[in-house]
Each structure stands twice: as structure tokens, then as C-alpha cells.
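Chemist: What follows is final18.cif, made up of mmCIF, C-alpha atoms:
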data_structure
loop_
_atom_site.label_atom_id
_atom_site.label_comp_id
_atom_site.auth_asym_id
_atom_site.auth_seq_id
_atom_site.Cartn_x
_atom_site.Cartn_y
_atom_site.Cartn_z
CA ALA A 1 -143.43 163.10 52.81
CA PRO A 2 -145.90 165.75 53.97
CA THR A 3 -146.27 166.21 57.74
CA ALA A 4 -149.21 167.17 59.95
CA ALA A 5 -149.39 169.18 63.17
CA TRP A 6 -152.05 170.05 65.72
CA THR A 7 -153.14 173.63 65.07
CA ALA A 8 -155.06 176.00 67.33
CA GLU A 9 -158.37 177.48 66.24
CA GLY A 10 -157.61 180.40 63.96
CA GLY A 11 -153.93 179.54 64.08
CA THR A 12 -151.67 179.54 61.07
CA ILE A 13 -151.18 176.13 59.52
CA THR A 14 -147.51 175.35 59.15
CA PRO A 15 -146.79 174.35 55.55
CA SER A 16 -144.90 171.14 54.85
CA ASP A 17 -143.92 170.94 51.26
CA PRO A 18 -142.92 167.42 50.24
CA GLY A 19 -139.90 166.82 48.09
CA TYR A 20 -140.41 164.67 45.00
CA THR A 21 -137.84 162.97 42.84
CA ASP A 22 -138.26 161.56 39.36
CA LEU A 23 -137.74 157.82 39.01
CA VAL A 24 -136.28 157.05 35.62
CA ALA A 25 -137.04 153.68 34.07
CA THR A 26 -134.67 152.41 31.41
CA PRO A 27 -136.53 149.75 29.42
CA ARG A 28 -134.21 146.97 28.29
CA LYS A 29 -134.83 144.69 25.34
CA LEU A 30 -135.67 141.01 25.62
CA ALA A 31 -135.48 139.24 22.29
CA SER A 32 -135.71 135.82 20.68
CA LEU A 33 -135.05 134.75 17.08
CA GLN A 34 -136.00 131.43 15.48
CA THR A 35 -135.21 130.15 11.98
CA ILE A 36 -137.79 127.87 10.36
CA SER A 37 -137.77 126.14 6.98
CA ASN A 38 -140.66 127.10 4.76
CA GLU A 39 -141.37 123.40 4.15
CA LEU A 40 -141.96 122.96 7.87
CA ILE A 41 -144.27 125.98 7.90
CA ALA A 42 -146.22 124.60 4.96
CA ASP A 43 -146.45 120.98 6.13
CA SER A 44 -146.77 121.15 9.93
CA ASN A 45 -149.96 120.20 11.73
CA PRO A 46 -150.54 121.76 14.19
CA ASP A 47 -149.19 124.97 12.73
CA VAL A 48 -145.54 125.32 13.79
CA VAL A 49 -145.67 129.12 13.63
CA SER A 50 -148.52 129.24 16.16
CA LEU A 51 -146.66 126.83 18.42
CA LEU A 52 -143.46 128.88 18.22
CA GLU A 53 -145.34 132.13 18.90
CA MET A 54 -146.70 130.60 22.09
CA GLN A 55 -143.29 129.24 23.11
CA VAL A 56 -141.30 132.42 22.50
CA ALA A 57 -143.93 134.51 24.31
CA ARG A 58 -143.54 132.19 27.29
CA ALA A 59 -139.73 132.38 27.01
CA LEU A 60 -139.82 136.18 27.15
CA ALA A 61 -142.27 136.13 30.07
CA LEU A 62 -140.07 133.74 32.06
CA LYS A 63 -136.93 135.75 31.31
CA PHE A 64 -138.67 138.93 32.45
CA ASP A 65 -139.78 137.13 35.62
CA LEU A 66 -136.15 136.21 36.25
CA GLY A 67 -135.11 139.82 35.75
CA VAL A 68 -137.80 141.15 38.08
CA PHE A 69 -136.45 139.12 41.00
CA GLU A 70 -132.84 138.24 40.21
CA GLY A 71 -131.69 140.85 37.67
CA SER A 72 -128.22 142.28 38.34
CA GLY A 73 -128.88 145.76 36.99
CA THR A 74 -125.80 145.52 34.78
CA ALA A 75 -126.84 146.53 31.25
CA PRO A 76 -128.49 145.13 29.27
CA GLU A 77 -130.11 143.30 32.23
CA ILE A 78 -132.67 145.07 34.42
CA ARG A 79 -132.27 145.35 38.20
CA GLY A 80 -134.38 142.85 40.14
CA LEU A 81 -135.77 143.10 43.66
CA LYS A 82 -132.84 141.15 45.11
CA ASN A 83 -130.47 143.93 44.05
CA VAL A 84 -132.61 147.00 44.77
CA VAL A 85 -130.89 149.13 47.40
CA GLY A 86 -132.99 149.78 50.50
CA ILE A 87 -135.26 146.73 50.63
CA THR A 88 -135.43 144.92 53.96
CA LEU A 89 -133.58 141.63 54.39
CA ASP A 90 -135.90 140.35 57.09
CA ALA A 91 -134.52 136.94 57.95
CA THR A 92 -132.03 134.31 56.94
CA LEU A 93 -133.43 130.97 58.00
CA ALA A 94 -131.03 128.55 59.65
CA ALA A 95 -133.23 125.51 59.06
CA ALA A 96 -136.23 124.35 57.08
CA PRO A 97 -139.32 126.27 58.28
CA THR A 98 -141.67 124.54 60.71
CA ASN A 99 -144.20 127.40 60.94
CA LEU A 100 -145.21 130.63 59.22
CA ASP A 101 -143.64 133.01 61.75
CA VAL A 102 -141.14 134.43 59.28
CA PHE A 103 -144.03 135.64 57.09
CA ALA A 104 -145.80 137.18 60.07
CA ALA A 105 -142.58 139.05 60.86
CA ALA A 106 -142.21 140.24 57.26
CA ILE A 107 -145.81 141.51 57.16
CA ALA A 108 -145.22 143.33 60.45
CA THR A 109 -142.07 144.91 59.02
CA LEU A 110 -144.05 146.29 56.10
CA GLU A 111 -146.74 147.64 58.42
CA THR A 112 -144.02 149.32 60.49
CA ASN A 113 -142.90 151.05 57.29
CA ASN A 114 -146.48 152.16 56.56
CA ALA A 115 -146.86 149.67 53.71
CA SER A 116 -149.33 146.82 53.29
CA ALA A 117 -148.41 143.30 52.23
CA THR A 118 -150.40 142.52 49.09
CA ALA A 119 -148.20 139.86 47.46
CA ILE A 120 -145.89 137.03 48.46
CA VAL A 121 -143.69 135.44 45.78
CA MET A 122 -141.70 132.25 46.21
CA HIS A 123 -140.30 129.31 44.27
CA PRO A 124 -142.74 126.39 43.76
CA ARG A 125 -140.34 124.21 45.74
CA THR A 126 -140.64 126.55 48.72
CA TRP A 127 -144.44 126.44 48.51
CA GLY A 128 -144.24 122.66 48.43
CA THR A 129 -142.23 122.68 51.65
CA LEU A 130 -144.67 125.05 53.36
CA SER A 131 -147.61 122.95 52.17
CA MET A 132 -146.21 119.95 54.00
CA ILE A 133 -145.95 121.67 57.39
CA LYS A 134 -148.44 120.03 59.74
CA GLU A 135 -150.46 121.54 62.55
CA GLY A 136 -148.96 121.59 66.03
CA THR A 137 -148.81 117.98 67.19
CA THR A 138 -147.21 114.86 65.75
CA ALA A 139 -150.57 113.10 66.04
CA ASN A 140 -152.18 115.62 63.67
CA ASN A 141 -151.36 115.15 60.00
CA LYS A 142 -153.51 118.03 58.75
CA PRO A 143 -151.46 120.54 56.71
CA LEU A 144 -151.09 123.90 58.40
CA LEU A 145 -152.11 125.78 55.26
CA GLN A 146 -155.30 123.77 54.75
CA GLU A 147 -158.39 125.81 55.62
CA SER A 148 -160.91 123.00 55.60
CA ALA A 149 -161.33 120.68 58.54
CA GLY A 150 -161.62 117.85 56.02
CA SER A 151 -159.05 115.39 54.78
CA GLY A 152 -155.83 115.97 52.88
CA GLY A 153 -157.89 115.82 49.72
CA GLN A 154 -159.10 119.38 50.32
CA ALA A 155 -157.46 122.10 48.22
CA VAL A 156 -154.87 124.39 49.78
CA GLU A 157 -155.45 127.98 48.68
CA ARG A 158 -152.38 130.05 47.98
CA PHE A 159 -152.66 132.54 50.80
CA ILE A 160 -150.54 133.20 53.88
CA TYR A 161 -152.22 135.35 56.55
CA GLY A 162 -154.67 136.52 53.88
CA VAL A 163 -151.93 137.67 51.48
CA PRO A 164 -152.01 135.98 48.03
CA VAL A 165 -149.03 133.79 47.19
CA TYR A 166 -147.58 133.71 43.66
CA LEU A 167 -145.08 131.14 42.43
CA SER A 168 -142.16 131.67 40.07
CA SER A 169 -139.84 128.93 38.91
CA GLN A 170 -137.34 131.65 37.99
CA LEU A 171 -136.30 132.39 41.57
CA ALA A 172 -132.81 131.11 42.32
CA ILE A 173 -132.52 127.84 44.25
CA ASN A 174 -128.77 128.04 44.77
CA GLU A 175 -128.40 130.74 47.40
CA GLY A 176 -125.78 129.38 49.74
CA THR A 177 -126.01 125.73 48.72
CA ALA A 178 -129.57 124.95 47.61
CA GLU A 179 -131.66 127.67 49.22
CA SER A 180 -134.12 130.18 47.82
CA SER A 181 -135.59 133.56 48.75
CA ALA A 182 -139.21 134.64 49.16
CA TYR A 183 -140.49 138.18 48.76
CA VAL A 184 -143.26 139.90 50.69
CA TYR A 185 -144.19 143.32 49.36
CA ASP A 186 -146.71 146.03 48.65
CA ALA A 187 -147.45 145.50 44.96
CA SER A 188 -148.32 149.18 44.46
CA GLN A 189 -144.65 149.97 45.15
CA VAL A 190 -143.22 147.48 42.63
CA VAL A 191 -143.83 148.83 39.15
CA ALA A 192 -143.25 146.94 35.91
CA VAL A 193 -142.67 149.49 33.15
CA PHE A 194 -143.51 148.23 29.67
CA ARG A 195 -142.21 150.52 26.95
CA GLN A 196 -143.05 147.92 24.33
CA ASP A 197 -145.16 144.86 25.04
CA THR A 198 -144.27 141.54 23.43
CA ARG A 199 -144.31 141.80 19.64
CA ILE A 200 -143.88 138.68 17.51
CA GLU A 201 -143.23 138.94 13.78
CA LEU A 202 -142.60 136.44 10.99
CA ASP A 203 -140.23 137.54 8.21
CA ARG A 204 -140.11 135.51 4.98
CA SER A 205 -137.73 137.75 2.99
CA ARG A 206 -134.24 137.88 4.50
CA LEU A 207 -133.50 134.16 4.04
CA PHE A 208 -135.03 134.02 0.56
CA ASN A 209 -131.99 132.21 -0.88
CA THR A 210 -132.36 129.29 1.58
CA ASP A 211 -136.16 129.17 1.50
CA GLN A 212 -136.43 129.84 5.25
CA SER A 213 -138.30 132.25 7.47
CA GLU A 214 -137.43 133.93 10.76
CA LEU A 215 -139.65 134.44 13.78
CA ARG A 216 -138.61 137.32 16.02
CA ALA A 217 -140.01 138.29 19.42
CA ILE A 218 -139.15 141.53 21.21
CA MET A 219 -140.21 143.13 24.48
CA ARG A 220 -138.83 146.26 26.18
CA ALA A 221 -139.42 146.62 29.92
CA ASP A 222 -137.93 147.68 33.24
CA LEU A 223 -138.69 147.48 36.95
CA VAL A 224 -138.76 150.42 39.34
CA VAL A 225 -139.40 150.39 43.09
CA PRO A 226 -140.60 153.81 44.30
CA ASN A 227 -140.39 152.79 47.97
CA PRO A 228 -137.84 150.05 48.70
CA LEU A 229 -139.06 149.84 52.33
CA ALA A 230 -142.26 148.31 50.94
CA VAL A 231 -140.32 145.15 49.98
CA VAL A 232 -139.10 142.44 52.35
CA ARG A 233 -136.83 139.63 51.21
CA ILE A 234 -136.77 136.46 53.29
CA SER A 235 -133.51 134.86 52.26
CA LYS A 236 -132.19 131.32 52.06
CA PHE A 237 -135.18 129.09 52.60
CA ILE A 238 -133.72 125.68 53.36
CA VAL A 239 -136.05 123.07 51.87
#
Hey, can you dump this file as C-alpha cells for me?
Modeler:
Amino acid sequence: APTAAWTAEGGTITPSDPGYTDLVATPRKLASLQTISNELIADSNPDVVSLLEMQVARALALKFDLGVFEGSGTAPEIRGLKNVVGITLDATLAAAPTNLDVFAAAIATLETNNASATAIVMHPRTWGTLSMIKEGTTANNKPLLQESAGSGGQAVERFIYGVPVYLSSQLAINEGTAESSAYVYDASQVVAVFRQDTRIELDRSRLFNTDQSELRAIMRADLVVPNPLAVVRISKFIV
């Protein structure tokens, strides 16, 4: 990175030329293929093709989500955050969390690395555990994450220390025995590269002799992390 130095009036400014490196994304293909009888297409209500288009689009989105966080990097699978070299493994919890300290520590780690926490991602089960943590005393049943001073009927917004929380059911829940990871990161340093967005096509010709059609969905994408120090993984949440 460029550097700066105090310089006397009229003095020569010392140049500091940064070094840049290309990051190469290698978009990998996600695909799904469904065979449908033409009778079903003609007779279905609601329209089976529309239903399948929605379902395969969701299937591709979930599979990409899985790749973004858990991908091994072994072709044809993309490399997910868990396997990116250089991210910070901030903590391995020895017990179910009773407070939010581990997130405060992760945010501080990012700040130390001159990054800002703009996203927290966890499994819905982990969020459920955090949502049940109560404020300090046993006599107080108010959830810690509840802003309002009202009853348990008040909504709990998905924020931790002002950072938005996103949930993904694709995060592993079998780290160790039945644990899961959470990620705290600067979203500007986690880049989804879409070479080809989801394309869904219906072909009625190839299976002409069996009077069937095929629905194909394809997406080509990759994940690159320009600055791995802008990602913190909190591993093995016991819930």
C-alpha cells in the first residue's frame, strides 16, 4: 500500500509506489436439468414450468451460497471463505455463547486490520441461540438482542453492534460434532464475480420421440477476496 511521511516545507516528497497484483476469478458452472412430460406442461395448474423455474433458481442460489462459505476450491467447486488463505480465525468457542463478546472481538480485529465490519453471516440456528440470550440477571427474561423495553412480543432486528446480520442455511452445522461458524467481514472485500447470471431455458426438441421437454438452468460465478484480513471467521458455535 502507499505510505505517507512528514515532509518539510519545500522539501522533496518521497515517492511510495504501491505494488498491485491481478486477482484472477475463474467462474465455475452451476447447473440443473429437469425432464418434464409435455402432458404435465399442458395440463398443470398452476403452470409447472413457472414453478420449476422458481425452484431451480432457488436451488442454484442456495448452491452458490454454499460455495461462497464452504467451497473447497477443488474444481469444479469454487473456493469459499472458510478455505481462503489469510482470513482470521478469531475464536473457537468452548461452550454455547452467553454474550456477544466474540462479535465485539471480531469487529475489533477488523478495525485493527484497517477494515470495517459491514456484514455478519451465520446459520439460522446460531441466530436462534443468540436470540435466546437474556440480559444480565436471572430475574430478567428480556432478550439481549431486543432493542425495545417492551415485552418479548417486540421484534428483534438482525443487527449486532450495528452490523447487519444475514442468515444462510447453507453454513455447515457439523464442525466438530454439531457446531457452526459465523463470519464477520468487510463486504467490499468479498467479491462475487458473475460471468453469467442465472439463465433458465426450456427445450422441447431433444426428447421429441418421448414427447418430453427439458428445463435447464445455468449460472457461472466465482468468489474472490482481495484482502483476506478483512474477513474474520468465528468457528464452532456450540448451540
Chemist: Give me, please, the distance in Å between atom CA of Asn114 of chain A and atom CA of Val225 of chain A, quoted to one decimal.
Modeler: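 Separating atom CA of Asn114 of chain A from atom CA of Val225 of chain A is a distance of 15.3 Å.
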Chemist: Expand the PyMOL selection byres ((chain A and resi 215) around 7) into the explicit residue set it covers here, and present it as a ChimeraX atom specification.
Modeler: /A:33-35,201-203,213-214,216-217
Chemist: Quick one: pull the distance between atom CA of Pro2 of chain A and atom CA of Asp17 of chain A, Å, one decimal.
Modeler: 6.2 Å
Chemist: Which is closer to Ser188 of chain A than all the others in A:Leu62, A:Leu23, A:Val84, A:Ala115, using only C-alpha atoms?
Modeler: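 Closest candidate: A:Ala115.
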Chemist: Got a sec to resolve the PyMOL selection byres ((chain A and resi 70) around 7) on this structure and send the residues as an NGL selection string?
Modeler: :A and (66-69 or 71-72 or 80-82 or 171)
Chemist: So which residues touch segment 104-110 of chain A within 10 Å, counting all atoms listed in the file, skipping near sequence neighbours fewer than 3 positions away, as a ChimeraX atom specification?
Modeler: /A:88-91,99-101,113-118,120,160-161,163,183-186,229-234
Chemist: Step by step, work through what the PyMOL selection byres ((chain A and resi 224) around 7) selects in the shown file, and finish by giving those residues as a VMD selection string.
Modeler: chain A and resid 25 190 to 192 222 to 223 225 to 226
